[in-house]
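I have placed the structure first, in the form of structure tokens, so that the comments after it can refer back to it.
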Amino acid sequence: MKRVYLAANLMDAQIAVDVLAIQGIKTHIFNANAVGAVGELAAIQMWPEVWVDEDSDSEQARQLLQQLHATSSHGSKTCPHCGEENPENFLSCWNCNQALI
């Protein structure tokens, strides 16, 4: 297992996990319940971490997450599967439900 992402909050970590799951990459979120340690630990020690199960998936996972965060929320993109136009911030096609990343 390798850590591929340090999220600012649990929602951000879950979005990362969902994007990776769409691509068939198995993951786990660590520190999901660490918010209970507020005041006892440094804040960065409580941030949710996304880890991939297979070390060989780590580079692909990092690239996908980097691409996710580089995506603008303006404009549109075309689905590579069905050709339908989707808003730039969509992760999957509204028409065929396939991953847009």
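Residues in the structure tokens are numbered from 1 in each chain, the chains being A, B, ... in the order shown, and ligands are numbered from 1 in the order shown.
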
* Can you tell me, as number ranges by chain, what residues are no more than 12 Å from region 89-96 of chain A when counting only C-alpha atoms, ignoring any on the same chain fewer than 6 positions away? -> A: 15-16, 18-23, 64-65, 67-83

* To do: Give me every strand (DSSP E) residue in chain A, going by DSSP on the backbone, as a ChimeraX atom specification.
  => /A:2-6,27-30,49-52,76-78,85-87

File dump, residues just selected, C-alpha atoms, as a CSV table (one decimal), in the first residue's frame:
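As written to disk, again.csv reads:
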chain,number,residue,atom,x,y,z
A,2,LYS,CA,1.1,3.5,-0.8
A,3,ARG,CA,-0.3,6.9,0.2
A,4,VAL,CA,-1.2,8.9,-2.9
A,5,TYR,CA,-3.1,11.8,-1.5
A,6,LEU,CA,-3.4,13.9,1.6
A,27,THR,CA,-8.1,2.4,-2.2
A,28,HIS,CA,-8.6,3.0,1.5
A,29,ILE,CA,-9.1,6.2,3.4
A,30,PHE,CA,-7.0,6.5,6.6
A,49,GLU,CA,-5.1,10.1,3.6
A,50,VAL,CA,-5.9,8.1,0.4
A,51,TRP,CA,-3.9,5.0,0.0
A,52,VAL,CA,-3.9,2.6,-3.0
A,76,SER,CA,-17.1,21.7,-21.3
A,77,LYS,CA,-15.5,18.5,-22.4
A,78,THR,CA,-16.6,15.8,-24.7
A,85,GLU,CA,-20.8,17.4,-24.2
A,86,ASN,CA,-20.5,17.6,-20.4
A,87,PRO,CA,-19.7,20.5,-18.1

* CA of Ala61 (chain A) and CA of Pro48 (chain A) are how many Å apart? -> 16.1 Å

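Across A:Asn9, A:Glu84, A:Ile25, A:Ala99, the tightest approach to Glu54 (chain A) is made by A:Ile25 when counting only C-alpha atoms.
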
* Asked: Got a sec to tell me which of chain A DSSP assigns to helix (DSSP H, G or I), as a VMD selection string?
  -> chain A and resid 10 to 22 34 to 37 43 to 46 55 to 70
